[in-house]
file model-v4.csv (CSV, C-alpha atoms and all ligand atoms)
chain,number,residue,atom,x,y,z
A,447,MET,CA,135.5,-69.9,68.7
A,448,ILE,CA,135.0,-66.9,66.6
A,449,GLN,CA,137.9,-66.7,64.2
A,450,ASN,CA,137.2,-63.9,61.7
A,451,PHE,CA,134.8,-61.3,62.9
A,452,ARG,CA,133.1,-59.5,60.0
A,453,HIS,CA,130.2,-57.1,59.9
A,454,THR,CA,127.0,-58.6,58.7
A,455,PRO,CA,123.2,-58.0,58.9
A,456,MET,CA,121.6,-59.9,61.8
A,457,ASN,CA,120.7,-63.1,60.1
A,458,LEU,CA,122.0,-66.7,60.5
A,459,SER,CA,122.1,-69.2,57.7
A,460,LEU,CA,122.6,-73.0,58.1
A,461,ILE,CA,124.3,-74.8,55.3
A,462,GLY,CA,125.3,-78.5,55.1
A,463,PHE,CA,124.5,-81.8,53.4
A,464,MET,CA,121.0,-83.3,53.1
A,465,GLY,CA,120.0,-84.8,56.4
A,466,SER,CA,122.4,-82.7,58.5
A,467,GLY,CA,119.4,-81.3,60.5
A,468,LYS,CA,119.3,-77.8,59.1
A,469,SER,CA,115.6,-77.2,59.1
A,470,THR,CA,115.0,-78.7,62.5
A,471,ILE,CA,117.8,-76.8,64.1
A,472,ALA,CA,117.0,-73.5,62.3
A,473,SER,CA,113.4,-73.6,63.5
A,474,ARG,CA,114.6,-74.3,67.1
A,475,LEU,CA,117.2,-71.4,66.8
A,476,ALA,CA,114.6,-69.0,65.5
A,477,ASP,CA,112.4,-69.7,68.5
A,478,ASN,CA,115.3,-69.3,70.8
A,479,LEU,CA,116.5,-66.0,69.3
A,480,GLY,CA,113.1,-64.5,68.5
A,481,PHE,CA,114.0,-64.5,64.8
A,482,ASP,CA,111.8,-65.6,61.8
A,483,PHE,CA,112.5,-69.1,60.5
A,484,VAL,CA,112.9,-69.4,56.7
A,485,ASP,CA,113.5,-72.5,54.6
A,486,THR,CA,114.7,-72.0,51.1
A,487,ASP,CA,113.3,-75.4,49.9
A,488,ALA,CA,109.9,-74.4,51.3
A,489,LEU,CA,110.1,-71.0,49.5
A,490,ILE,CA,111.0,-72.8,46.3
A,491,GLU,CA,108.0,-75.1,46.6
A,492,LYS,CA,105.7,-72.1,47.3
A,493,THR,CA,107.1,-70.2,44.3
A,494,ALA,CA,106.7,-73.1,42.0
A,495,SER,CA,103.5,-74.5,43.6
A,496,LYS,CA,105.2,-77.9,43.3
A,497,SER,CA,107.1,-80.2,45.6
A,498,ILE,CA,110.9,-80.4,45.2
A,499,ASN,CA,110.5,-83.9,43.7
A,500,GLU,CA,108.0,-82.6,41.1
A,501,ILE,CA,110.3,-79.8,40.1
A,502,PHE,CA,113.2,-82.2,39.6
A,503,ASN,CA,111.0,-84.7,37.7
A,504,ASP,CA,109.1,-82.2,35.5
A,505,GLU,CA,111.6,-79.5,34.9
A,506,GLY,CA,115.0,-80.8,35.9
A,507,GLU,CA,117.7,-79.8,38.4
A,508,GLY,CA,118.7,-76.7,36.4
A,509,VAL,CA,115.3,-75.1,36.9
A,510,PHE,CA,115.4,-76.0,40.6
A,511,ARG,CA,118.8,-74.3,40.9
A,512,LYS,CA,117.6,-71.1,39.3
A,513,LEU,CA,114.7,-71.0,41.7
A,514,GLU,CA,117.0,-71.7,44.6
A,515,SER,CA,119.3,-68.7,43.7
A,516,GLN,CA,116.3,-66.5,43.2
A,517,VAL,CA,114.6,-67.2,46.5
A,518,LEU,CA,117.9,-66.7,48.3
A,519,GLU,CA,118.6,-63.4,46.5
A,520,ASP,CA,115.1,-62.2,47.4
A,521,LEU,CA,116.1,-62.6,51.1
A,522,VAL,CA,119.0,-60.2,50.9
A,523,GLY,CA,118.1,-56.9,52.7
A,524,ARG,CA,116.0,-58.6,55.3
A,525,GLU,CA,117.0,-59.0,59.0
A,526,GLY,CA,116.1,-61.2,61.9
A,527,LEU,CA,116.1,-64.5,60.0
A,528,VAL,CA,117.3,-67.9,60.6
A,529,ILE,CA,117.7,-69.5,57.2
A,530,ALA,CA,117.7,-73.2,56.5
A,531,THR,CA,119.2,-73.9,53.0
A,532,GLY,CA,119.2,-76.9,50.6
A,533,GLY,CA,122.3,-79.0,50.7
A,534,GLY,CA,123.3,-78.0,47.2
A,535,ILE,CA,123.1,-74.3,47.6
A,536,VAL,CA,126.8,-73.8,47.8
A,537,THR,CA,127.3,-75.3,44.3
A,538,ASN,CA,126.6,-71.9,42.8
A,539,LYS,CA,129.2,-69.2,43.6
A,540,ARG,CA,126.5,-66.5,43.4
A,541,ASN,CA,124.7,-68.2,46.3
A,542,ILE,CA,127.8,-68.3,48.4
A,543,GLN,CA,128.1,-64.6,47.9
A,544,SER,CA,124.4,-64.0,48.8
A,545,LEU,CA,124.7,-66.2,51.9
A,546,ARG,CA,127.7,-64.2,53.1
A,547,GLU,CA,125.9,-60.9,52.4
A,548,LEU,CA,122.9,-62.1,54.4
A,549,GLY,CA,124.8,-62.8,57.6
A,550,ILE,CA,126.7,-65.4,59.7
A,551,VAL,CA,126.9,-68.8,58.1
A,552,PHE,CA,127.1,-72.0,60.1
A,553,TRP,CA,128.0,-75.3,58.5
A,554,LEU,CA,126.3,-78.3,60.1
A,555,ASP,CA,128.8,-81.0,59.4
A,556,ALA,CA,127.7,-84.6,59.8
A,557,ASP,CA,129.3,-87.9,58.8
A,558,VAL,CA,128.1,-90.3,56.1
A,559,ASP,CA,126.5,-92.8,58.5
A,560,SER,CA,124.3,-90.2,60.3
A,561,ILE,CA,123.4,-88.6,56.9
A,562,LEU,CA,122.4,-92.0,55.5
A,563,GLU,CA,120.4,-92.8,58.6
A,564,ARG,CA,118.5,-89.5,58.5
A,565,VAL,CA,117.8,-89.4,54.7
A,566,SER,CA,116.5,-93.0,54.7
A,567,ARG,CA,113.5,-91.9,56.7
A,568,ASN,CA,111.8,-90.6,53.6
A,569,ASN,CA,112.2,-90.4,49.8
A,570,GLU,CA,111.8,-86.6,49.4
A,571,ARG,CA,115.4,-86.2,48.1
A,572,PRO,CA,115.5,-86.7,44.3
A,573,LEU,CA,119.3,-86.7,44.2
A,574,LEU,CA,119.4,-89.7,46.5
A,575,GLN,CA,117.0,-91.9,44.5
A,576,THR,CA,119.9,-94.0,43.3
A,577,LYS,CA,120.9,-97.7,43.5
A,578,ASP,CA,123.6,-96.9,46.0
A,579,PRO,CA,122.7,-93.9,48.1
A,580,ARG,CA,125.8,-94.3,50.3
A,581,LYS,CA,128.0,-94.0,47.3
A,582,THR,CA,126.1,-91.0,46.0
A,583,ILE,CA,126.4,-89.3,49.4
A,584,VAL,CA,130.2,-90.0,49.5
A,585,ASN,CA,130.6,-88.6,46.0
A,586,LEU,CA,128.5,-85.5,46.6
A,587,LEU,CA,130.2,-84.8,49.9
A,588,SER,CA,133.6,-85.0,48.3
A,589,GLN,CA,132.5,-82.4,45.7
A,590,ARG,CA,130.8,-80.1,48.4
A,591,SER,CA,132.8,-80.2,51.6
A,592,ASP,CA,135.3,-77.6,50.4
A,593,LEU,CA,132.5,-75.4,49.3
A,594,TYR,CA,130.7,-75.6,52.7
A,595,ASN,CA,134.1,-74.8,54.3
A,596,GLN,CA,134.6,-71.8,52.1
A,597,CYS,CA,131.2,-70.5,52.6
A,598,CYS,CA,130.9,-70.8,56.4
A,599,ASP,CA,132.0,-68.6,59.3
A,600,GLU,CA,131.9,-71.5,61.7
A,601,ARG,CA,131.8,-75.3,61.2
A,602,ILE,CA,129.6,-77.2,63.7
A,603,PRO,CA,130.5,-80.9,64.0
A,604,THR,CA,127.0,-82.4,64.8
A,605,ASP,CA,127.7,-86.1,65.2
A,606,GLY,CA,126.7,-87.4,68.7
A,607,LEU,CA,125.0,-84.2,69.6
A,608,SER,CA,121.3,-83.6,70.2
A,609,VAL,CA,119.2,-80.9,68.4
A,610,GLU,CA,119.1,-79.0,71.8
A,611,GLU,CA,122.9,-79.1,72.2
A,612,ILE,CA,123.6,-78.0,68.6
A,613,SER,CA,121.0,-75.2,68.7
A,614,PHE,CA,122.2,-74.0,72.1
A,615,GLY,CA,125.8,-73.9,70.9
A,616,ILE,CA,124.9,-71.9,67.7
A,617,ALA,CA,122.6,-69.5,69.6
A,618,GLU,CA,125.4,-68.7,72.1
A,619,SER,CA,127.9,-68.2,69.3
A,620,ALA,CA,125.4,-66.0,67.4
A,621,ARG,CA,124.8,-63.9,70.4
A,622,LEU,CA,128.5,-63.3,70.7
A,623,TRP,CA,128.8,-62.4,67.0
A,624,PHE,CA,125.9,-60.0,67.4
A,625,SER,CA,127.1,-58.4,70.6
A,626,LYS,CA,130.5,-57.9,69.0
A,627,MET,CA,128.7,-56.3,66.1
A,628,SER,CA,126.9,-53.8,68.4
A,629,TYR,CA,130.3,-53.1,70.0
A,630,PHE,CA,131.8,-52.4,66.6
A,631,ASP,CA,128.8,-50.3,65.6
A,632,MET,CA,129.2,-48.3,68.7
A,633,SER,CA,132.9,-47.7,68.2
A,634,VAL,CA,132.3,-46.6,64.7
A,635,LYS,CA,129.7,-44.1,65.9
A,636,LEU,CA,132.0,-42.8,68.6
A,637,GLU,CA,134.8,-42.3,66.1
A,638,ASP,CA,132.4,-40.3,64.0
A,639,GLN,CA,131.5,-38.2,67.0
A,640,VAL,CA,135.2,-37.5,67.8
A,641,LYS,CA,135.8,-36.3,64.3
A,701,LIG,C1,119.5,-80.9,47.6
A,701,LIG,C2,119.1,-80.8,49.0
A,701,LIG,C3,117.7,-80.7,49.3
A,701,LIG,C4,116.9,-80.0,48.2
A,701,LIG,C5,117.1,-80.7,46.9
A,701,LIG,C6,118.6,-80.7,46.5
A,701,LIG,C7,121.0,-81.1,47.3
A,701,LIG,O1,117.6,-80.0,50.6
A,701,LIG,O2,117.3,-78.7,48.2
A,701,LIG,O3,116.6,-82.0,47.0
A,701,LIG,O4,121.4,-80.8,46.2
A,701,LIG,O5,121.7,-81.4,48.3
A,701,LIG,P1,118.0,-80.6,52.0
A,701,LIG,O6,119.4,-80.4,52.2
A,701,LIG,O7,117.2,-79.8,53.0
A,701,LIG,O8,117.6,-82.0,52.0
call {"tool": "encode", "arguments": {"input": "model-v4.csv", "output": "structure tokens", "more": "lines below"}}
Ligand code: S3P
result
Amino acid sequence: MIQNFRHTPMNLSLIGFMGSGKSTIASRLADNLGFDFVDTDALIEKTASKSINEIFNDEGEGVFRKLESQVLEDLVGREGLVIATGGGIVTNKRNIQSLRELGIVFWLDADVDSILERVSRNNERPLLQTKDPRKTIVNLLSQRSDLYNQCCDERIPTDGLSVEEISFGIAESARLWFSKMSYFDMSVKLEDQVK
């Protein structure tokens, strides 16, 4: 399951398309692991004192993206976080770097039908206020799937699984990562002692 172990701070980030369940699962995971739950969209809204829709409408996507990079960078250096990110966070290379510096990255991968079903429940996503949201989702997914893949340590296929099943799987995987990290930390310390 764990392919490329790397040393990271103790944080988990969830990336993936709009409607893939990042916030719900991140909040569940944070409870499960005793970590703090952080949502970059919520931080942006707090910083701007506006909703995401208002930021897009009043100031445009460019301003939103700058705020997104800023709130993410501000998290670097903290530990014990489960971070839910906005679906477009990977479109900026600097953000991919920040996410990888922050900790382990899980990609919640969902198919077009389940995304469409979830995002139709509200109109809080400015990029999907189009004539043909399915087509928009397909186009954006084709631009972003490679980026999610590049950015993540693990891809989690979510279709057909419940929130409980997904969060349980990620929590177990995260525990394994973190226990390996303590093991590596210990072996580094032992090596130092031997010298
Ligand atoms: C966006 C996803 C949204 C939000 C903004 C832009 C995107 O977050 O950041 O509307 O570009 O995919 P969710 O993925 O939480 O819906």
call {"tool": "residues_near_ligand", "arguments": {"input": "model-v4.csv", "ligand": "ligand LIG 701 (chain A)", "cutoff": "8 Å", "atoms": "all atoms listed in the file", "output": "list of chain:residue names"}}
result
A:Gly462, A:Phe463, A:Met464, A:Gly465, A:Ser466, A:Gly467, A:Lys468, A:Ser469, A:Thr486, A:Asp487, A:Ile498, A:Asn499, A:Glu514, A:Ala530, A:Thr531, A:Gly532, A:Gly533, A:Gly534, A:Ile535, A:Val565, A:Glu570, A:Arg571, A:Pro572, A:Leu573
call {"tool": "residues_around", "arguments": {"input": "model-v4.csv", "residues": "region 604-608 of chain A", "least_positions_apart": "3", "cutoff": "10 Å", "atoms": "only C-alpha atoms", "output": "list in words"}}
result
Ser466, Gly467, Ile471, Trp553, Leu554, Asp555, Ala556, Asp557, Asp559, Ser560, Ile561, Arg601, Glu611, Ile612, Ser613 and Phe614 of chain A
call {"tool": "atom_distance", "arguments": {"input": "model-v4.csv", "atom1": "CA of Leu527 (chain A)", "atom2": "CA of Asn457 (chain A)"}}
result
4.8 Å
call {"tool": "residues_around", "arguments": {"input": "model-v4.csv", "residues": "Leu489 (chain A)", "least_positions_apart": "6", "cutoff": "12 Å", "atoms": "all atoms listed in the file", "output": "PDB file with C-alpha atoms, keeping the file's coordinate frame"}}
result
ATOM      1  CA  PHE A 483     112.500 -69.100  60.500  1.00  0.00           C
ATOM      2  CA  SER A 495     103.500 -74.500  43.600  1.00  0.00           C
ATOM      3  CA  LYS A 496     105.200 -77.900  43.300  1.00  0.00           C
ATOM      4  CA  SER A 497     107.100 -80.200  45.600  1.00  0.00           C
ATOM      5  CA  ILE A 498     110.900 -80.400  45.200  1.00  0.00           C
ATOM      6  CA  PHE A 510     115.400 -76.000  40.600  1.00  0.00           C
ATOM      7  CA  LEU A 513     114.700 -71.000  41.700  1.00  0.00           C
ATOM      8  CA  GLU A 514     117.000 -71.700  44.600  1.00  0.00           C
ATOM      9  CA  SER A 515     119.300 -68.700  43.700  1.00  0.00           C
ATOM     10  CA  GLN A 516     116.300 -66.500  43.200  1.00  0.00           C
ATOM     11  CA  VAL A 517     114.600 -67.200  46.500  1.00  0.00           C
ATOM     12  CA  LEU A 518     117.900 -66.700  48.300  1.00  0.00           C
ATOM     13  CA  GLU A 519     118.600 -63.400  46.500  1.00  0.00           C
ATOM     14  CA  ASP A 520     115.100 -62.200  47.400  1.00  0.00           C
ATOM     15  CA  LEU A 521     116.100 -62.600  51.100  1.00  0.00           C
ATOM     16  CA  ILE A 529     117.700 -69.500  57.200  1.00  0.00           C
ATOM     17  CA  ALA A 530     117.700 -73.200  56.500  1.00  0.00           C
ATOM     18  CA  THR A 531     119.200 -73.900  53.000  1.00  0.00           C
ATOM     19  CA  GLY A 532     119.200 -76.900  50.600  1.00  0.00           C
TER      20      GLY A 532
END
call {"tool": "atom_distance", "arguments": {"input": "model-v4.csv", "atom1": "CA of Glu563 (chain A)", "atom2": "CA of Asn478 (chain A)"}}
result
27.0 Å
call {"tool": "axis_aligned_box", "arguments": {"input": "model-v4.csv", "around": "region 605-620 of chain A", "padding_each_side": "4 Å", "output": "lines of an AutoDock Vina configuration file"}}
result
center_x = 123.5
center_y = -76.7
center_z = 68.7
size_x = 16.8
size_y = 29.4
size_z = 15.0
